[in-house]
Amino acid sequence: MRIFFSCRPAYGHLFPLLPLANAARAAGHEVVFGTGEVFVPKVRELGFEAHRVGISIGDAEAEAKRRHGADAGFRDLAITMFAELLPRATMADLRPLLPGLRPDLVVYEQSDVGAGAVARQAGIPAVSHVIGRSMPPEVRAVAAERLAPLWGGTSPADAMFGDACVDIWPGSVRDPGPAAVPKVFRMRPTPYDPDVPLPPLPADGFAYLTLGTVVFGATQVLRGAIAALSRLPVDVLVATGPGDPAALGPVPENVRVAGFVPQAEVLRHAGLVVHHGGTGTVLGSLAAGLPQLVLPQGADQFANAETLSALGAAKALVGDAVRTDAIEAAARELLAGSAAREVARGIAAEIAGMPAPEEVLGELVSWAGRAG
């Protein structure tokens, strides 16, 4: 089977697709990617055929701000970006490619809905892949109206998730958006770690700090968190992702700074995770049974922080509450207590029982064969 994966050119949009794409390649299927121009070489370096499809979220945001003004609110910007600019750009690039690619199945990450629309119009089975929380209900409703014409003819059950989706959220923290889609493939959230060496790790039980692969201008937050965590009676490992570790300047003696790290391995040894609330880090930390301190910076990170806090698996500091003393106090409490850890361990057991990507791949192939 020939499977086409489509995603935005960003690590947080590509990495969640790779466990399923790697499983497909290992099973002997042909795997092709479509993504924004800047990520085409990165995907090819991973050994996949890749084509330029769509634009980046940054490009879409710049155009949306040009249309609405730099002071436009989140709602107007998000709708213009995700219900107009991004899907239309994907559709314009993918339509002429599709006859030559001739995929048997299209898998698109949830923000790349244009790929699902093109596949539907061409009669190709398509499934969305959850990568994070869905938009707030008030935004989703308006976005659905804008997206409806793009699907052509009859719209699917959900304007973004379509009629079928791969859902990586365990039931206890599940997002209601994909849960309402008619056909759902539940899949264990499986980390993808870039091929980078494991840095020298502190003694087990250290605090792991990261603001993910997209830092929303939050260097000062990172510096403040480093200062706070350095006061704790544990060592600290900081991962900056694609950011330059040197940009943080000198750090305290009990703090080590790295760029990309094999996060799943790091989490096996950590005692606490302090992070931005991105879905990959949230689910990875839950799978490792670790308490979390969430400092959300943008996108769906606030919803993730709220969900984890309500369950008792994490503490969250938002906006003006993100202060050095507050970070230190919350981290100390999480390290000393057991309540958040016990909740996380319960969710870890739930995640461990979910189907692996290899199993879900088999279900997807059978489903696509019947639907095609």
# chains A, B, ... in the order shown; residues from 1 in each chain; ligands from 1

call {"tool": "select_by_dssp", "arguments": {"residues": "region 26-178 of chain A", "states": "alpha helix (DSSP H)", "output": "MDAnalysis selection string"}}
result
chainID A and resid 26 40:45 57:68 74:80 86:101 113:121 137:151 176:178

call {"tool": "closest_atom_pairs", "arguments": {"of": "region 120-139 of chain A", "to": "region 278-301 of chain A", "cutoff": "7 Å", "atoms": "only C-alpha atoms", "output": "CSV"}}
result
residue,atom,partner,partner_atom,distance
A:Ile131,CA,A:Thr279,CA,6.9
A:Gly132,CA,A:Thr279,CA,5.4
A:Arg133,CA,A:Asp300,CA,5.7

call {"tool": "select_by_dssp", "arguments": {"residues": "region 199-349 of chain A", "states": "strand (DSSP E)", "output": "ChimeraX atom specification"}}
result
/A:206-210,236-239,255-258,270-275,292-294,314-316

call {"tool": "write_last_selection", "arguments": {"atoms": "N, CA, C and O atoms", "output": "CSV table (one decimal), in the first residue's frame"}}
result
chain,number,residue,atom,x,y,z
A,206,PHE,N,16.5,13.7,38.8
A,206,PHE,CA,16.7,15.1,38.5
A,206,PHE,C,15.4,15.8,37.9
A,206,PHE,O,14.5,15.1,37.6
A,207,ALA,N,15.5,17.1,37.9
A,207,ALA,CA,14.4,17.8,37.3
A,207,ALA,C,14.7,18.1,35.8
A,207,ALA,O,15.8,18.5,35.5
A,208,TYR,N,13.8,17.8,35.0
A,208,TYR,CA,14.0,17.9,33.5
A,208,TYR,C,13.1,19.1,33.1
A,208,TYR,O,11.9,19.2,33.3
A,209,LEU,N,13.8,20.1,32.4
A,209,LEU,CA,13.1,21.3,32.0
A,209,LEU,C,13.2,21.5,30.5
A,209,LEU,O,14.3,21.4,29.9
A,210,THR,N,12.1,21.7,29.9
A,210,THR,CA,12.1,22.0,28.4
A,210,THR,C,10.9,22.9,28.1
A,210,THR,O,9.8,22.8,28.8
A,236,VAL,N,19.6,19.5,37.5
A,236,VAL,CA,18.6,20.0,36.5
A,236,VAL,C,19.2,19.7,35.1
A,236,VAL,O,20.3,20.1,34.9
A,237,LEU,N,18.4,19.1,34.3
A,237,LEU,CA,18.7,19.0,32.9
A,237,LEU,C,17.8,19.9,32.0
A,237,LEU,O,16.6,19.7,32.1
A,238,VAL,N,18.3,20.7,31.2
A,238,VAL,CA,17.5,21.6,30.4
A,238,VAL,C,17.7,21.2,28.9
A,238,VAL,O,18.9,21.1,28.4
A,239,ALA,N,16.6,21.1,28.2
A,239,ALA,CA,16.7,20.8,26.7
A,239,ALA,C,16.1,21.9,26.0
A,239,ALA,O,14.9,22.3,26.2
A,255,VAL,N,23.1,22.7,37.0
A,255,VAL,CA,22.3,22.8,35.8
A,255,VAL,C,23.1,22.4,34.6
A,255,VAL,O,24.2,22.9,34.4
A,256,ARG,N,22.6,21.4,33.8
A,256,ARG,CA,23.2,21.1,32.5
A,256,ARG,C,22.3,21.4,31.4
A,256,ARG,O,21.0,21.2,31.5
A,257,VAL,N,22.8,22.0,30.3
A,257,VAL,CA,22.0,22.4,29.2
A,257,VAL,C,22.4,21.7,27.9
A,257,VAL,O,23.5,21.5,27.6
A,258,ALA,N,21.4,21.2,27.2
A,258,ALA,CA,21.6,20.5,25.9
A,258,ALA,C,20.6,21.0,24.9
A,258,ALA,O,19.6,21.7,25.2
A,270,ALA,N,14.2,10.8,35.1
A,270,ALA,CA,13.9,12.1,35.7
A,270,ALA,C,13.0,11.8,36.9
A,270,ALA,O,12.3,10.8,37.1
A,271,GLY,N,12.9,12.8,37.8
A,271,GLY,CA,11.9,12.8,38.9
A,271,GLY,C,10.8,13.8,38.8
A,271,GLY,O,9.8,13.7,39.5
A,272,LEU,N,11.0,14.8,38.0
A,272,LEU,CA,10.0,15.9,37.8
A,272,LEU,C,10.2,16.5,36.4
A,272,LEU,O,11.4,16.6,36.0
A,273,VAL,N,9.2,16.8,35.8
A,273,VAL,CA,9.2,17.5,34.5
A,273,VAL,C,8.6,18.8,34.6
A,273,VAL,O,7.4,19.0,35.0
A,274,VAL,N,9.3,19.8,34.2
A,274,VAL,CA,8.8,21.2,34.1
A,274,VAL,C,8.9,21.6,32.7
A,274,VAL,O,9.9,21.6,32.0
A,275,HIS,N,7.7,22.0,32.1
A,275,HIS,CA,7.6,22.2,30.7
A,275,HIS,C,6.5,23.1,30.3
A,275,HIS,O,5.7,23.6,31.1
A,292,GLN,N,4.3,16.7,36.9
A,292,GLN,CA,4.6,17.7,36.0
A,292,GLN,C,4.3,19.1,36.5
A,292,GLN,O,3.2,19.3,37.2
A,293,LEU,N,5.1,20.1,36.2
A,293,LEU,CA,4.8,21.5,36.4
A,293,LEU,C,4.7,22.2,35.1
A,293,LEU,O,5.7,22.2,34.3
A,294,VAL,N,3.6,22.7,34.7
A,294,VAL,CA,3.3,23.2,33.4
A,294,VAL,C,3.3,24.7,33.4
A,294,VAL,O,2.6,25.3,34.2
A,314,ALA,N,-0.6,17.3,37.8
A,314,ALA,CA,0.4,18.4,37.6
A,314,ALA,C,-0.1,19.6,38.3
A,314,ALA,O,-1.2,19.7,38.8
A,315,LYS,N,0.8,20.5,38.4
A,315,LYS,CA,0.5,21.9,38.8
A,315,LYS,C,0.8,22.8,37.6
A,315,LYS,O,1.6,22.5,36.8
A,316,ALA,N,0.1,23.9,37.6
A,316,ALA,CA,0.3,24.8,36.4
A,316,ALA,C,0.4,26.2,36.9
A,316,ALA,O,-0.2,26.7,37.9

call {"tool": "residues_around", "arguments": {"residues": "Val360 (chain A)", "least_positions_apart": "3", "cutoff": "10 Å", "atoms": "only C-alpha atoms", "output": "list of chain:residue names"}}
result
A:Leu20, A:Ala23, A:Val166, A:Phe185, A:Arg186, A:Met187, A:Arg188, A:Met354, A:Pro355, A:Ala356, A:Pro357, A:Glu363, A:Leu364, A:Val365, A:Ser366

call {"tool": "residues_around", "arguments": {"residues": "Arg95 (chain A)", "least_positions_apart": "6", "cutoff": "10 Å", "atoms": "only C-alpha atoms", "output": "list in words"}}
result
Val53, Gly114, Ala115, Val118, Ala119, Gln121 and Ala122 of chain A

call {"tool": "closest_residue", "arguments": {"among": "A:Ala227, A:Ala24, A:Ala349, A:Leu222", "to": "Leu105 (chain A)", "atoms": "only C-alpha atoms"}}
result
A:Ala24
